[in-house]
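Undergrad: Contents of final12.cif (mmCIF, C-alpha atoms) are given next:
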```
data_protein
#
loop_
_atom_site.label_atom_id
_atom_site.label_comp_id
_atom_site.auth_asym_id
_atom_site.auth_seq_id
_atom_site.Cartn_x
_atom_site.Cartn_y
_atom_site.Cartn_z
CA MET Y 519 0.00 0.00 0.00
CA PRO Y 520 1.58 3.33 -1.09
CA SER Y 521 0.03 5.33 1.79
CA ALA Y 522 -1.29 4.74 5.29
CA PHE Y 523 -4.21 7.06 4.50
CA LEU Y 524 -5.73 4.88 1.78
CA PRO Y 525 -8.67 2.53 2.46
CA ALA Y 526 -7.79 -1.16 2.78
CA SER Y 527 -9.89 -1.82 -0.32
CA PHE Y 528 -7.92 0.64 -2.49
CA ASP Y 529 -7.46 -0.75 -6.00
CA LEU Y 530 -4.30 0.49 -7.76
CA ARG Y 531 -5.87 -0.34 -11.14
CA ARG Y 532 -8.86 2.02 -10.81
CA PRO Y 533 -8.47 5.57 -12.17
CA LEU Y 534 -7.91 8.34 -9.63
CA VAL Y 535 -9.05 11.85 -10.54
CA LEU Y 536 -7.00 14.62 -8.99
CA ILE Y 537 -9.17 17.71 -8.42
CA ALA Y 538 -6.44 20.33 -8.41
CA GLY Y 539 -6.46 23.81 -6.95
CA GLN Y 540 -3.52 26.15 -6.45
CA GLY Y 541 0.14 25.66 -5.75
CA LEU Y 542 2.58 22.85 -5.20
CA TYR Y 543 0.25 20.51 -3.32
CA PRO Y 544 -1.54 18.97 -6.35
CA ILE Y 545 1.77 18.76 -8.23
CA MET Y 546 3.20 16.68 -5.37
CA VAL Y 547 0.12 14.43 -5.33
CA ALA Y 548 0.30 13.85 -9.09
CA ALA Y 549 3.98 12.90 -8.85
CA ALA Y 550 3.28 10.51 -5.97
CA THR Y 551 0.28 8.78 -7.58
CA ARG Y 552 2.18 8.28 -10.81
CA ALA Y 553 5.17 6.89 -8.90
CA ALA Y 554 2.80 4.47 -7.14
CA GLY Y 555 1.49 3.26 -10.51
CA VAL Y 556 -2.02 4.67 -10.03
CA PRO Y 557 -3.74 5.68 -13.30
CA THR Y 558 -4.24 9.41 -12.70
CA LYS Y 559 -6.55 11.91 -14.42
CA LEU Y 560 -6.86 15.65 -13.77
CA VAL Y 561 -9.66 18.13 -13.19
CA ALA Y 562 -8.09 21.61 -13.26
CA PHE Y 563 -9.52 25.10 -12.76
CA GLU Y 564 -8.92 28.23 -14.81
CA GLU Y 565 -6.72 30.82 -13.02
CA GLU Y 566 -6.12 28.40 -10.14
CA THR Y 567 -4.29 25.22 -11.20
CA ARG Y 568 -0.66 25.68 -12.21
CA PRO Y 569 -0.18 25.51 -16.01
CA GLU Y 570 2.78 23.13 -15.68
CA LEU Y 571 0.58 20.55 -13.95
CA ILE Y 572 -2.04 20.79 -16.69
CA ALA Y 573 0.68 20.47 -19.35
CA SER Y 574 1.97 17.26 -17.73
CA PHE Y 575 -1.28 15.44 -18.59
CA ALA Y 576 -2.38 14.25 -22.02
CA ALA Y 577 -5.44 16.10 -23.32
CA ARG Y 578 -7.57 12.96 -23.02
CA ASP Y 579 -6.71 12.72 -19.30
CA CYS Y 580 -7.48 16.32 -18.33
CA ARG Y 581 -10.48 18.63 -18.05
CA THR Y 582 -10.07 22.35 -17.33
CA LEU Y 583 -13.13 24.05 -15.82
CA ARG Y 584 -14.16 27.40 -14.40
CA VAL Y 585 -14.59 27.51 -10.62
CA GLY Y 586 -18.20 26.62 -9.85
CA GLN Y 587 -18.85 24.22 -12.73
CA LEU Y 588 -19.85 21.36 -10.46
CA GLY Y 589 -22.01 19.62 -13.04
CA ALA Y 590 -19.09 19.59 -15.48
CA MET Y 591 -16.78 18.23 -12.81
CA LEU Y 592 -19.16 15.38 -12.01
CA LYS Y 593 -19.45 14.63 -15.73
CA ALA Y 594 -15.65 14.47 -15.98
CA LEU Y 595 -15.57 11.92 -13.14
CA ARG Y 596 -18.09 9.79 -15.01
CA ASP Y 597 -16.22 10.16 -18.31
CA PHE Y 598 -12.97 9.10 -16.65
CA ASP Y 599 -14.72 6.08 -15.05
CA ALA Y 600 -13.18 7.26 -11.78
CA GLY Y 601 -12.87 4.88 -8.89
CA TYR Y 602 -11.36 7.54 -6.65
CA ALA Y 603 -11.01 11.30 -6.41
CA LEU Y 604 -8.64 13.43 -4.36
CA MET Y 605 -8.95 17.17 -3.70
CA ALA Y 606 -5.62 18.98 -3.39
CA GLY Y 607 -4.83 22.69 -3.35
CA GLN Y 608 -6.78 25.74 -2.28
CA ILE Y 609 -9.26 27.67 -4.41
CA THR Y 610 -8.93 31.44 -3.88
CA PRO Y 611 -11.27 32.18 -0.92
CA ARG Y 612 -12.59 35.44 -2.43
CA ARG Y 613 -14.16 33.40 -5.24
CA LEU Y 614 -16.94 32.49 -2.81
CA PHE Y 615 -18.07 36.10 -3.25
CA LYS Y 616 -16.60 37.28 -6.56
CA GLY Y 617 -15.47 35.42 -9.66
CA LEU Y 618 -17.58 32.32 -8.99
CA HIS Y 619 -19.33 30.89 -12.04
CA PRO Y 620 -21.81 28.39 -10.60
CA ASP Y 621 -23.67 26.12 -12.98
CA LEU Y 622 -27.18 24.89 -12.17
CA LYS Y 623 -25.90 22.04 -10.00
CA ALA Y 624 -23.65 24.32 -7.94
CA THR Y 625 -26.36 26.98 -7.65
CA ARG Y 626 -28.80 24.48 -6.17
CA ILE Y 627 -26.21 23.39 -3.60
CA LEU Y 628 -25.26 26.96 -2.64
CA PHE Y 629 -28.88 27.96 -2.11
CA SER Y 630 -29.42 24.89 0.09
CA LEU Y 631 -26.62 25.86 2.52
CA LYS Y 632 -27.41 27.98 5.57
CA ARG Y 633 -23.69 28.50 6.18
CA ARG Y 634 -21.19 29.00 3.38
CA ASN Y 635 -17.66 28.09 4.34
CA ALA Y 636 -15.05 25.55 3.21
CA GLU Y 637 -16.54 22.81 5.37
CA THR Y 638 -20.13 23.17 4.20
CA ILE Y 639 -19.38 23.84 0.53
CA PHE Y 640 -16.77 21.13 0.07
CA GLY Y 641 -18.80 18.76 2.25
CA ALA Y 642 -21.73 19.15 -0.13
CA ILE Y 643 -19.44 18.63 -3.13
CA ALA Y 644 -17.99 15.52 -1.49
CA GLN Y 645 -21.49 14.12 -1.08
CA GLU Y 646 -22.22 14.69 -4.79
CA ILE Y 647 -18.97 12.95 -5.75
CA GLU Y 648 -19.63 9.91 -3.58
CA THR Y 649 -23.21 9.65 -4.90
CA LEU Y 650 -21.56 8.68 -8.21
CA GLY Y 651 -19.89 5.71 -6.51
CA VAL Y 652 -16.52 7.51 -6.49
CA THR Y 653 -14.53 7.29 -3.25
CA LEU Y 654 -13.19 10.69 -2.18
CA LEU Y 655 -9.84 9.95 -0.55
CA ASP Y 656 -8.15 11.39 2.51
CA ALA Y 657 -6.27 14.37 1.05
CA ARG Y 658 -3.09 13.37 2.90
CA ALA Y 659 -2.91 10.15 0.87
CA PHE Y 660 0.40 9.50 -0.91
CA LEU Y 661 2.14 12.32 1.01
CA ASP Y 662 2.81 10.56 4.33
CA ASP Y 663 6.48 11.61 4.37
CA HIS Y 664 5.58 15.31 4.08
CA LEU Y 665 3.52 15.59 7.27
CA ALA Y 666 4.85 17.50 10.28
CA SER Y 667 6.66 15.17 12.69
CA PRO Y 668 6.91 15.37 16.50
CA GLY Y 669 9.60 17.49 18.15
CA CYS Y 670 11.90 20.20 16.81
CA MET Y 671 12.15 19.44 13.08
CA THR Y 672 14.86 22.00 12.36
CA GLY Y 673 17.41 20.21 14.53
CA ARG Y 674 17.90 22.87 17.17
CA ARG Y 675 16.42 23.27 20.64
CA PHE Y 676 13.04 24.91 20.14
CA PRO Y 677 13.34 28.45 21.55
CA ILE Y 678 9.75 28.87 22.80
CA GLU Y 679 8.95 27.64 26.32
CA ARG Y 680 6.51 24.73 26.39
CA ASP Y 681 3.95 26.66 28.47
CA TYR Y 682 3.79 29.31 25.74
CA VAL Y 683 3.51 26.63 23.04
CA ASP Y 684 0.64 25.02 24.96
CA HIS Y 685 -1.09 28.40 25.22
CA GLY Y 686 -0.83 28.90 21.46
CA VAL Y 687 -2.11 25.37 20.79
CA HIS Y 688 -5.10 26.02 23.06
CA ILE Y 689 -5.96 29.27 21.25
CA ALA Y 690 -5.55 27.71 17.78
CA ARG Y 691 -7.72 24.72 18.70
CA GLU Y 692 -10.44 26.97 20.11
CA CYS Y 693 -10.42 29.04 16.91
CA ALA Y 694 -10.69 25.83 14.88
CA ARG Y 695 -13.54 24.58 17.09
CA LEU Y 696 -15.44 27.82 16.51
CA ASP Y 697 -14.75 27.58 12.75
CA ILE Y 698 -12.85 30.88 12.74
CA GLY Y 699 -9.58 29.53 11.36
CA GLN Y 700 -6.85 27.00 12.07
CA GLY Y 701 -3.97 29.18 13.16
CA CYS Y 702 -2.88 31.98 15.48
CA VAL Y 703 0.19 33.98 16.52
CA VAL Y 704 0.95 34.30 20.22
CA ARG Y 705 3.75 35.76 22.30
CA HIS Y 706 4.45 34.99 25.96
CA GLY Y 707 0.81 34.17 26.70
CA THR Y 708 -0.65 37.04 24.65
CA VAL Y 709 -2.65 36.55 21.44
CA LEU Y 710 -1.31 38.80 18.67
CA ALA Y 711 -3.52 37.57 15.83
CA VAL Y 712 -5.88 34.75 14.84
CA GLU Y 713 -6.48 33.39 11.38
CA ALA Y 714 -9.85 34.03 9.79
CA PHE Y 715 -11.17 34.18 6.23
CA GLU Y 716 -8.19 36.23 4.96
CA GLY Y 717 -5.83 33.26 5.44
CA THR Y 718 -2.50 32.50 7.08
CA ASP Y 719 -0.26 34.96 5.29
CA GLN Y 720 -2.40 38.00 6.04
CA MET Y 721 -2.61 36.95 9.68
CA LEU Y 722 1.18 36.68 9.88
CA ARG Y 723 1.57 40.15 8.37
CA ARG Y 724 -0.82 41.60 10.95
CA ALA Y 725 1.10 39.92 13.75
CA GLY Y 726 4.39 41.13 12.29
CA ALA Y 727 3.22 44.74 12.52
CA PHE Y 728 3.69 44.52 16.31
CA LYS Y 729 7.43 43.84 15.78
CA ALA Y 730 7.38 41.64 18.89
CA ALA Y 731 10.37 39.33 19.36
CA GLY Y 732 9.57 35.78 20.42
CA ALA Y 733 6.27 35.46 18.53
CA LEU Y 734 5.04 31.94 17.75
CA PHE Y 735 2.84 30.85 14.84
CA VAL Y 736 0.65 27.82 15.63
CA LYS Y 737 -1.17 25.73 13.01
CA THR Y 738 -3.66 23.05 13.99
CA VAL Y 739 -6.73 21.22 12.67
CA LYS Y 740 -10.36 20.96 13.65
CA ALA Y 741 -11.28 18.32 16.23
CA ARG Y 742 -13.61 16.76 13.65
CA GLN Y 743 -11.51 17.54 10.59
CA ASP Y 744 -12.87 16.11 7.35
CA TRP Y 745 -9.64 14.87 5.80
CA ARG Y 746 -11.17 14.66 2.34
CA PHE Y 747 -10.62 18.42 1.93
CA ASP Y 748 -9.24 21.52 3.65
CA VAL Y 749 -6.01 19.89 4.88
CA PRO Y 750 -3.91 22.58 6.60
CA CYS Y 751 -0.65 23.20 4.73
CA PHE Y 752 2.66 24.86 5.49
CA GLY Y 753 5.04 25.66 2.64
CA GLN Y 754 7.68 27.97 1.26
CA LEU Y 755 5.30 30.92 0.83
CA THR Y 756 4.26 30.79 4.48
CA LEU Y 757 7.91 30.49 5.48
CA GLU Y 758 8.73 33.60 3.43
CA THR Y 759 5.88 35.50 5.06
CA MET Y 760 7.15 34.46 8.51
CA ARG Y 761 10.61 35.73 7.63
CA ASP Y 762 9.25 39.06 6.38
CA ALA Y 763 7.04 39.41 9.48
CA ARG Y 764 9.97 38.44 11.74
CA VAL Y 765 8.03 35.55 13.25
CA THR Y 766 10.84 33.05 13.72
CA ALA Y 767 9.08 30.03 15.27
CA ALA Y 768 6.15 27.84 14.27
CA ALA Y 769 4.40 24.91 15.95
CA LEU Y 770 2.57 22.55 13.57
CA GLU Y 771 0.31 19.67 14.57
CA ALA Y 772 2.30 16.50 13.92
CA GLY Y 773 0.83 13.95 11.52
CA LYS Y 774 -1.86 16.41 10.45
CA VAL Y 775 -0.31 19.58 8.97
CA LEU Y 776 1.05 18.93 5.49
CA MET Y 777 4.45 20.47 4.74
CA LEU Y 778 4.70 21.20 1.01
CA ASP Y 779 8.01 19.57 0.08
CA LYS Y 780 9.09 18.94 3.66
CA PRO Y 781 12.85 18.51 2.98
CA ALA Y 782 12.99 21.81 1.07
CA VAL Y 783 10.96 23.64 3.72
CA LEU Y 784 13.25 22.39 6.50
CA ARG Y 785 16.38 23.37 4.58
CA GLN Y 786 15.07 26.88 3.99
CA ALA Y 787 13.88 27.25 7.58
CA ARG Y 788 17.35 26.38 8.88
CA LYS Y 789 18.92 28.83 6.45
CA TRP Y 790 16.65 31.66 7.64
CA GLY Y 791 16.90 30.76 11.33
CA ILE Y 792 13.24 29.78 11.64
CA ASP Y 793 12.49 26.99 14.12
CA LEU Y 794 9.73 24.46 13.36
CA PHE Y 795 8.21 22.23 16.03
CA GLY Y 796 5.70 19.39 15.72
CA PHE Y 797 3.23 19.08 18.60
CA GLN Y 798 0.75 16.31 19.38
#
```
Using the file provided, produce a representation of the structure as structure tokens.
TA:
Amino acid sequence: MPSAFLPASFDLRRPLVLIAGQGLYPIMVAAATRAAGVPTKLVAFEEETRPELIASFAARDCRTLRVGQLGAMLKALRDFDAGYALMAGQITPRRLFKGLHPDLKATRILFSLKRRNAETIFGAIAQEIETLGVTLLDARAFLDDHLASPGCMTGRRFPIERDYVDHGVHIARECARLDIGQGCVVRHGTVLAVEAFEGTDQMLRRAGAFKAAGALFVKTVKARQDWRFDVPCFGQLTLETMRDARVTAAALEAGKVLMLDKPAVLRQARKWGIDLFGFQ
């Protein structure tokens, strides 16, 4: 089995459709599924999916859609005779309000939702996918080696006292429980910023405006996280934002936060003097 996050019944011969959003994440998944010998197809989105990922697929194995074309996406799954689907990569959050092009299927779903957030929207999409008989996989599948690991991952003694780490973990988990966000920045028992709809990078910039030495960024997951979508990620862009904001330590939930190209992230963090810690 190529991943601990796959169901025991996973059939390597059945086509897997990668539903690809932004960034490196779906590129890593595509490389891993191909290396595992899984027949892989692609559903990409205009102005979201990286062109180089789209170009790596034959035309017969790829569909490029506008964000919101749910009916077309479901048709692509049927056309590909998909056994499995995997969602990887964020869709720009502002598209929930501007730039969304919902087809009739998506419009019906949106009008049926009393709350519109990642959990409710992608949960409804997941239900539509599985109604087709397609298994929507845990989005960590195939990337086991890129998850945050316990302890100080950058090889040095973590500079933040454990009591302050625990305080940040408590705040981040409460924010996740309340569906506000999955991260926060704290310093010596004080909350500098919490993540909301604007995302991690904007939160880090707000926290950086205080110019407070010893700040800690904490990234966690919801207690009832649906691992089929919305997996929290930490990559080079977040690391760059931390450097610019002068936030030089991060605590990531081990086994749950996905590090986008973990070896490269750790190398860069060491180079910039940023300490990364995995908590459980």
Undergrad: Using only C-alpha atoms, list the residues that have an atom at most 12 Å from (-8.4, 29.8, 22.6), coordinates as in the file, as a VMD selection string.
TA: chain Y and resid 684 to 704 707 to 709 711 to 713 736 738
Undergrad: With distances taken over all atoms listed in the file, which residue among Y:Val765, Y:Val683, Y:Cys751, Y:Ala787 lies nearest Y:Arg723?
TA: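 The closest residue to Y:Arg723 is Y:Val765.
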Undergrad: List the residues matched by the PyMOL selection byres ((chain Y and resi 524-529) around 12) in the displayed structure as an mmCIF file with C-alpha atoms, in the frame of the given file, ordered by chain and then by residue number.
TA:
```cif
data_model
loop_
_atom_site.group_PDB
_atom_site.id
_atom_site.type_symbol
_atom_site.label_atom_id
_atom_site.label_comp_id
_atom_site.auth_asym_id
_atom_site.auth_seq_id
_atom_site.Cartn_x
_atom_site.Cartn_y
_atom_site.Cartn_z
ATOM 1 C CA MET Y 519 0.000 0.000 0.000
ATOM 2 C CA PRO Y 520 1.580 3.330 -1.090
ATOM 3 C CA SER Y 521 0.030 5.330 1.790
ATOM 4 C CA ALA Y 522 -1.290 4.740 5.290
ATOM 5 C CA PHE Y 523 -4.210 7.060 4.500
ATOM 6 C CA LEU Y 530 -4.300 0.490 -7.760
ATOM 7 C CA ARG Y 531 -5.870 -0.340 -11.140
ATOM 8 C CA ARG Y 532 -8.860 2.020 -10.810
ATOM 9 C CA PRO Y 533 -8.470 5.570 -12.170
ATOM 10 C CA LEU Y 534 -7.910 8.340 -9.630
ATOM 11 C CA THR Y 551 0.280 8.780 -7.580
ATOM 12 C CA ALA Y 554 2.800 4.470 -7.140
ATOM 13 C CA GLY Y 555 1.490 3.260 -10.510
ATOM 14 C CA VAL Y 556 -2.020 4.670 -10.030
ATOM 15 C CA PRO Y 557 -3.740 5.680 -13.300
ATOM 16 C CA ALA Y 600 -13.180 7.260 -11.780
ATOM 17 C CA GLY Y 601 -12.870 4.880 -8.890
ATOM 18 C CA TYR Y 602 -11.360 7.540 -6.650
ATOM 19 C CA ALA Y 603 -11.010 11.300 -6.410
ATOM 20 C CA LEU Y 604 -8.640 13.430 -4.360
ATOM 21 C CA VAL Y 652 -16.520 7.510 -6.490
ATOM 22 C CA THR Y 653 -14.530 7.290 -3.250
ATOM 23 C CA LEU Y 654 -13.190 10.690 -2.180
ATOM 24 C CA LEU Y 655 -9.840 9.950 -0.550
ATOM 25 C CA ASP Y 656 -8.150 11.390 2.510
ATOM 26 C CA ALA Y 657 -6.270 14.370 1.050
ATOM 27 C CA ARG Y 658 -3.090 13.370 2.900
ATOM 28 C CA ALA Y 659 -2.910 10.150 0.870
ATOM 29 C CA PHE Y 660 0.400 9.500 -0.910
ATOM 30 C CA LEU Y 661 2.140 12.320 1.010
ATOM 31 C CA ASP Y 662 2.810 10.560 4.330
ATOM 32 C CA TRP Y 745 -9.640 14.870 5.800
ATOM 33 C CA ARG Y 746 -11.170 14.660 2.340
#
```
Undergrad: Identify all residues satisfying the PyMOL selection byres ((chain Y and resi 594) around 10) in the given file; provide them as a PyMOL selection string.
TA: chain Y and resi 535+559-561+579-583+588-593+595-600
Undergrad: What separation in Å, quoted to one decimal, exists between atom CA of Y:Trp790 and atom CA of Y:Met546?
TA: 24.0 Å
Undergrad: My list of candidates is Y:Arg724, Y:Val775, Y:Leu710, Y:Asp663. Which is closest to Y:Gln743 when distances are computed with all atoms listed in the file?
TA: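 Counting all atoms listed in the file, the residue closest to Y:Gln743 is Y:Val775.
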Undergrad: What is the atom CA of Y:Thr672-atom CA of Y:Ala725 distance in Å, reported with one decimal?
TA: 22.6 Å
Undergrad: Tell me, in Å to one decimal, how far atom CA of Y:Glu566 is from atom CA of Y:Pro544.
TA: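 Taking atom CA of Y:Glu566 and atom CA of Y:Pro544, their separation equals 11.1 Å.
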Undergrad: Once the PyMOL selection byres ((chain Y and resi 783) around 10) has been applied to the shown file, what residues remain in the selection, as a list in words?
TA: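 Residues picked by the PyMOL selection byres ((chain Y and resi 783) around 10): His664, Thr672, Phe752, Gly753, Gln754, Leu755, Thr756, Leu757, Met777, Leu778, Asp779, Lys780, Pro781, Ala782, Leu784, Arg785, Gln786, Ala787, Arg788, Lys789 and Leu794 of chain Y.
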Undergrad: Which polymer residues have any atom within 10 Å of an atom of Y:Glu565, counting only C-alpha atoms, with same-chain residues fewer than 5 positions away left out, as a PyMOL selection string?
TA: chain Y and resi 539-540+583-585+609-610
